[in-house]
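Heads up, coords.txt below (compact mmCIF, C-alpha atoms):
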```
# COMPACT_ATOMS: atom_id res chain seq x y z
CA MET O 1 -6.76 5.27 -4.82
CA GLU O 2 -5.10 7.19 -7.65
CA LEU O 3 -8.21 6.68 -9.80
CA VAL O 4 -10.43 8.04 -7.02
CA ASP O 5 -8.18 11.11 -6.82
CA ASP O 6 -8.33 11.48 -10.63
CA VAL O 7 -12.13 11.33 -10.62
CA LYS O 8 -12.26 13.94 -7.85
CA ALA O 9 -10.00 16.22 -9.89
CA ARG O 10 -12.11 15.77 -13.04
CA LEU O 11 -15.29 16.51 -11.09
CA ALA O 12 -13.68 19.69 -9.76
CA ILE O 13 -12.82 20.74 -13.32
CA LEU O 14 -16.37 19.96 -14.47
CA ARG O 15 -17.76 22.05 -11.63
CA GLU O 16 -15.56 25.01 -12.63
CA CYS O 17 -16.35 24.94 -16.36
CA GLY O 18 -19.28 23.13 -17.89
CA TRP O 19 -21.19 22.43 -14.71
CA ASN O 20 -23.96 24.98 -15.26
CA ASP O 21 -24.95 23.60 -18.67
CA LEU O 22 -24.93 20.03 -17.42
CA PHE O 23 -26.87 20.91 -14.29
CA SER O 24 -29.57 22.82 -16.16
CA ASP O 25 -30.05 19.80 -18.47
CA VAL O 26 -30.32 17.52 -15.45
CA GLN O 27 -32.78 19.86 -13.73
CA GLU O 28 -35.03 19.95 -16.81
CA PHE O 29 -35.00 16.16 -16.97
CA CYS O 30 -35.74 15.82 -13.24
CA PHE O 31 -38.63 18.29 -13.35
CA ALA O 32 -40.12 16.51 -16.39
CA GLN O 33 -39.88 13.15 -14.58
CA SER O 34 -41.02 14.48 -11.15
CA ILE O 35 -37.65 13.63 -9.61
CA PRO O 36 -36.56 15.77 -6.65
CA VAL O 37 -33.50 17.88 -7.43
CA PRO O 38 -30.89 17.98 -4.65
CA ASN O 39 -29.60 21.30 -3.35
CA MET O 40 -26.22 21.58 -5.04
CA ASP O 41 -25.11 24.43 -2.76
CA GLU O 42 -25.21 22.10 0.24
CA GLU O 43 -21.78 21.07 1.56
CA ILE O 44 -21.17 17.34 1.10
CA PRO O 45 -17.74 15.87 1.83
CA MET O 46 -16.15 14.16 -1.17
CA ASP O 47 -15.29 11.05 0.82
CA HIS O 48 -18.77 10.47 2.23
CA ARG O 49 -19.34 7.35 0.10
CA PHE O 50 -16.65 5.24 1.72
CA CYS O 51 -16.15 4.77 5.42
CA GLU O 52 -12.68 5.26 6.89
CA GLY O 53 -12.17 1.49 7.11
CA SER O 54 -12.83 1.06 3.40
CA ASN O 55 -10.35 3.78 2.52
CA VAL O 56 -7.72 2.14 4.73
CA VAL O 57 -8.25 -1.26 3.09
CA LEU O 58 -8.08 0.18 -0.43
CA ASP O 59 -4.97 2.17 0.42
CA CYS O 60 -3.28 -0.89 1.94
CA PHE O 61 -4.10 -3.17 -0.98
CA SER O 62 -2.80 -0.58 -3.45
CA CYS O 63 0.67 -1.25 -1.98
CA LEU O 64 0.66 -4.70 -3.60
CA GLU O 65 0.95 -3.31 -7.12
CA PRO O 66 4.04 -4.90 -8.70
CA LYS O 67 4.65 -2.18 -11.32
CA ASN O 68 7.92 -0.24 -11.28
CA SER O 69 9.73 -2.93 -9.32
CA PHE O 70 7.23 -2.87 -6.44
CA SER O 71 7.79 0.85 -5.87
CA LYS O 72 4.50 1.21 -3.97
CA PHE O 73 5.20 -1.77 -1.70
CA ASP O 74 4.74 -0.63 1.92
CA VAL O 75 5.34 -3.18 4.67
CA ASP O 76 3.63 -1.07 7.36
CA LYS O 77 0.41 -0.63 5.39
CA LEU O 78 0.28 -4.27 4.37
CA ALA O 79 0.92 -5.39 7.94
CA ARG O 80 -2.06 -3.25 9.03
CA LEU O 81 -4.27 -5.62 7.07
CA THR O 82 -3.72 -8.25 9.77
CA ASN O 83 -5.63 -5.92 12.12
CA VAL O 84 -8.40 -5.29 9.61
CA TYR O 85 -8.72 -9.00 8.77
CA HIS O 86 -7.94 -10.22 12.29
CA ALA O 87 -10.08 -13.36 11.87
CA ASP O 88 -7.82 -14.50 9.01
CA PHE O 89 -4.53 -14.07 10.88
CA SER O 90 -3.39 -15.61 14.14
CA ASP O 91 -1.38 -13.73 16.77
CA ASP O 92 1.73 -15.51 15.51
CA ASP O 93 0.94 -14.37 11.97
CA CYS O 94 0.65 -10.77 13.15
CA GLY O 95 4.08 -11.05 14.74
CA THR O 96 5.84 -12.54 11.71
CA ILE O 97 4.15 -10.89 8.75
CA ARG O 98 6.46 -7.85 8.69
CA GLU O 99 9.56 -10.02 8.38
CA GLN O 100 7.89 -12.13 5.70
CA LEU O 101 6.81 -9.05 3.73
CA GLU O 102 10.29 -7.51 3.86
CA THR O 103 12.00 -10.74 2.78
CA TYR O 104 9.39 -11.27 0.08
CA VAL O 105 9.83 -7.87 -1.54
CA HIS O 106 13.62 -8.21 -1.55
CA GLN O 107 13.35 -11.58 -3.22
CA VAL O 108 10.80 -10.69 -5.91
CA LYS O 109 12.66 -7.50 -6.82
CA ARG O 110 15.66 -9.69 -7.68
CA HIS O 111 13.64 -12.48 -9.34
CA ALA O 112 13.52 -11.83 -13.11
CA SER O 113 10.19 -13.58 -13.69
CA PHE O 114 8.36 -11.10 -11.43
CA THR O 115 9.28 -8.13 -13.63
CA SER O 116 6.51 -9.11 -16.05
CA CYS O 117 3.81 -8.78 -13.37
CA GLU O 118 1.46 -5.90 -14.12
CA ASP O 119 -1.22 -6.36 -11.47
CA VAL O 120 -2.11 -8.30 -8.33
CA GLN O 121 -3.68 -11.12 -10.35
CA SER O 122 -0.53 -11.76 -12.37
CA LEU O 123 1.49 -11.46 -9.16
CA ALA O 124 -0.57 -14.23 -7.53
CA MET O 125 -0.23 -16.44 -10.60
CA LYS O 126 3.54 -15.88 -10.68
CA MET O 127 3.79 -16.74 -6.98
CA VAL O 128 2.11 -20.09 -7.60
CA GLN O 129 4.23 -20.79 -10.69
CA THR O 130 7.45 -20.11 -8.78
CA GLU O 131 6.10 -21.78 -5.61
CA LYS O 132 6.67 -18.58 -3.64
CA HIS O 133 3.17 -19.02 -2.20
CA LEU O 134 4.62 -21.91 -0.16
CA VAL O 135 7.61 -19.89 1.01
CA PHE O 136 5.59 -16.76 1.83
CA PRO O 137 2.14 -18.04 2.90
CA LEU O 138 1.17 -14.86 4.77
CA VAL O 139 2.01 -12.64 1.82
CA TYR O 140 0.02 -14.95 -0.42
CA LYS O 141 -2.92 -14.74 2.00
CA VAL O 142 -2.83 -10.93 1.77
CA ILE O 143 -2.81 -11.19 -2.03
CA GLU O 144 -5.76 -13.61 -1.92
CA LEU O 145 -7.68 -11.13 0.24
CA ALA O 146 -6.94 -8.39 -2.27
CA LEU O 147 -8.23 -10.57 -5.10
CA ILE O 148 -11.50 -11.49 -3.38
CA LEU O 149 -12.29 -7.91 -2.33
CA PRO O 150 -14.15 -7.04 -5.58
CA VAL O 151 -16.16 -10.27 -5.33
CA SER O 152 -17.16 -9.65 -1.72
CA THR O 153 -18.09 -6.05 -2.51
CA ALA O 154 -20.18 -7.13 -5.49
CA SER O 155 -21.97 -9.75 -3.35
CA VAL O 156 -22.96 -7.10 -0.81
CA GLU O 157 -24.12 -4.75 -3.57
CA ARG O 158 -26.23 -7.52 -5.11
CA ALA O 159 -27.81 -8.25 -1.72
CA PHE O 160 -28.77 -4.59 -1.26
CA SER O 161 -30.06 -4.48 -4.81
CA ALA O 162 -32.23 -7.54 -4.14
CA MET O 163 -33.53 -5.90 -0.97
CA LYS O 164 -34.65 -2.91 -3.02
CA ILE O 165 -36.64 -5.21 -5.29
CA ILE O 166 -38.25 -7.02 -2.34
CA LYS O 167 -39.00 -3.85 -0.39
CA SER O 168 -40.51 -1.86 -3.19
CA ASN O 169 -43.36 0.61 -3.29
CA LEU O 170 -45.67 -2.18 -4.45
CA ARG O 171 -44.81 -4.34 -1.45
CA ASN O 172 -45.42 -1.43 0.90
CA LYS O 173 -48.91 -1.01 -0.57
CA ILE O 174 -49.96 -4.65 -0.04
CA ASN O 175 -52.95 -4.91 2.27
CA ASP O 176 -54.17 -7.84 4.32
CA VAL O 177 -57.11 -9.36 2.49
```
As structure tokens:
Amino acid sequence: MELVDDVKARLAILRECGWNDLFSDVQEFCFAQSIPVPNMDEEIPMDHRFCEGSNVVLDCFSCLEPKNSFSKFDVDKLARLTNVYHADFSDDDCGTIREQLETYVHQVKRHASFTSCEDVQSLAMKMVQTEKHLVFPLVYKVIELALILPVSTASVERAFSAMKIIKSNLRNKINDV
């Protein structure tokens, strides 16, 4: 989420200084290629690309970052993931995950081998090495969900990309012979 905020800030700076030159270059290119140029004065919200649910999921998963002694760890946000991924968690899981998350973070903060973790991937590997994945199965399930998120997103993007190829202008022009 911090990177999204950084990109928004950089785009705001670009719009304030340097935007006009860039935009005139883009307009020239678009006109030369017969590409419609969008109305840049039209109000478009910055967060229109991601639905609210996606933002919630990204914000929750960002709490797993192990840097700075798990300073971003937020039990409430991580527990919300049981609602988002309700098919992956039973009612009992939803009732016990908060306790497991709180105990987990206290333990890994004191465990010296977890200080070397820089990201969620190394955190998952360290959990398996120390067999914490057996002690904290719900926490490990949340970490697994965080790790498969990019794969599932890429799969959906590939499917939409394939649909574009199938439903192309050429296909729309096919006539019955």
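The residue that comes closest to O:His86, out of O:Phe31, O:Met127, O:Leu14, O:Val142 and on the basis of all atoms listed in the file, is O:Val142.
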> Can you list, as a list in words, every protein, DNA or RNA residue that comes within 8 Å of O:Arg98 when you count only C-alpha atoms, leaving out same-chain residues fewer than 3 positions away?
Replying inline: Val75, Asp76, Ala79, Cys94, Gly95, Leu101 and Glu102 of chain O
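Among O:Glu42, O:Glu131, O:Ser62, O:Asp93, the residue with the shortest atom-to-atom distance to O:Leu3, counting only C-alpha atoms, is O:Ser62.
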>> Please list as an MDAnalysis selection string every residue within 9 Å of stretch 106-118 of chain O, counting all atoms listed in the file and excluding residues in the same chain fewer than 2 positions away.
In response: chainID O and resid 65:70 101:104 120:123 126:127 130
>> So, with all atoms listed in the file as the atoms that count, which of O:Leu145, O:Val7, O:Cys17, O:Ala32 lies closest to O:Phe89?
In response: O:Leu145
Around the point (-3.1, -5.7, 5.1) in the file's coordinates, collect all residues with an atom within 12 Å, using all atoms listed in the file, and return them as a compact mmCIF listing (two decimals) with C-alpha atoms, keeping the file's coordinate frame.
```txt
# COMPACT_ATOMS: atom_id res chain seq x y z
CA GLY O 53 -12.17 1.49 7.11
CA SER O 54 -12.83 1.06 3.40
CA VAL O 56 -7.72 2.14 4.73
CA VAL O 57 -8.25 -1.26 3.09
CA LEU O 58 -8.08 0.18 -0.43
CA ASP O 59 -4.97 2.17 0.42
CA CYS O 60 -3.28 -0.89 1.94
CA PHE O 61 -4.10 -3.17 -0.98
CA SER O 62 -2.80 -0.58 -3.45
CA CYS O 63 0.67 -1.25 -1.98
CA LEU O 64 0.66 -4.70 -3.60
CA PHE O 73 5.20 -1.77 -1.70
CA ASP O 74 4.74 -0.63 1.92
CA VAL O 75 5.34 -3.18 4.67
CA ASP O 76 3.63 -1.07 7.36
CA LYS O 77 0.41 -0.63 5.39
CA LEU O 78 0.28 -4.27 4.37
CA ALA O 79 0.92 -5.39 7.94
CA ARG O 80 -2.06 -3.25 9.03
CA LEU O 81 -4.27 -5.62 7.07
CA THR O 82 -3.72 -8.25 9.77
CA ASN O 83 -5.63 -5.92 12.12
CA VAL O 84 -8.40 -5.29 9.61
CA TYR O 85 -8.72 -9.00 8.77
CA HIS O 86 -7.94 -10.22 12.29
CA ASP O 88 -7.82 -14.50 9.01
CA PHE O 89 -4.53 -14.07 10.88
CA ASP O 93 0.94 -14.37 11.97
CA CYS O 94 0.65 -10.77 13.15
CA ILE O 97 4.15 -10.89 8.75
CA ARG O 98 6.46 -7.85 8.69
CA LEU O 101 6.81 -9.05 3.73
CA LEU O 138 1.17 -14.86 4.77
CA VAL O 139 2.01 -12.64 1.82
CA TYR O 140 0.02 -14.95 -0.42
CA LYS O 141 -2.92 -14.74 2.00
CA VAL O 142 -2.83 -10.93 1.77
CA ILE O 143 -2.81 -11.19 -2.03
CA GLU O 144 -5.76 -13.61 -1.92
CA LEU O 145 -7.68 -11.13 0.24
CA ALA O 146 -6.94 -8.39 -2.27
```
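Across the model, the gap from atom CA of O:Glu2 to atom CA of O:Trp19 is 23.3 Å.
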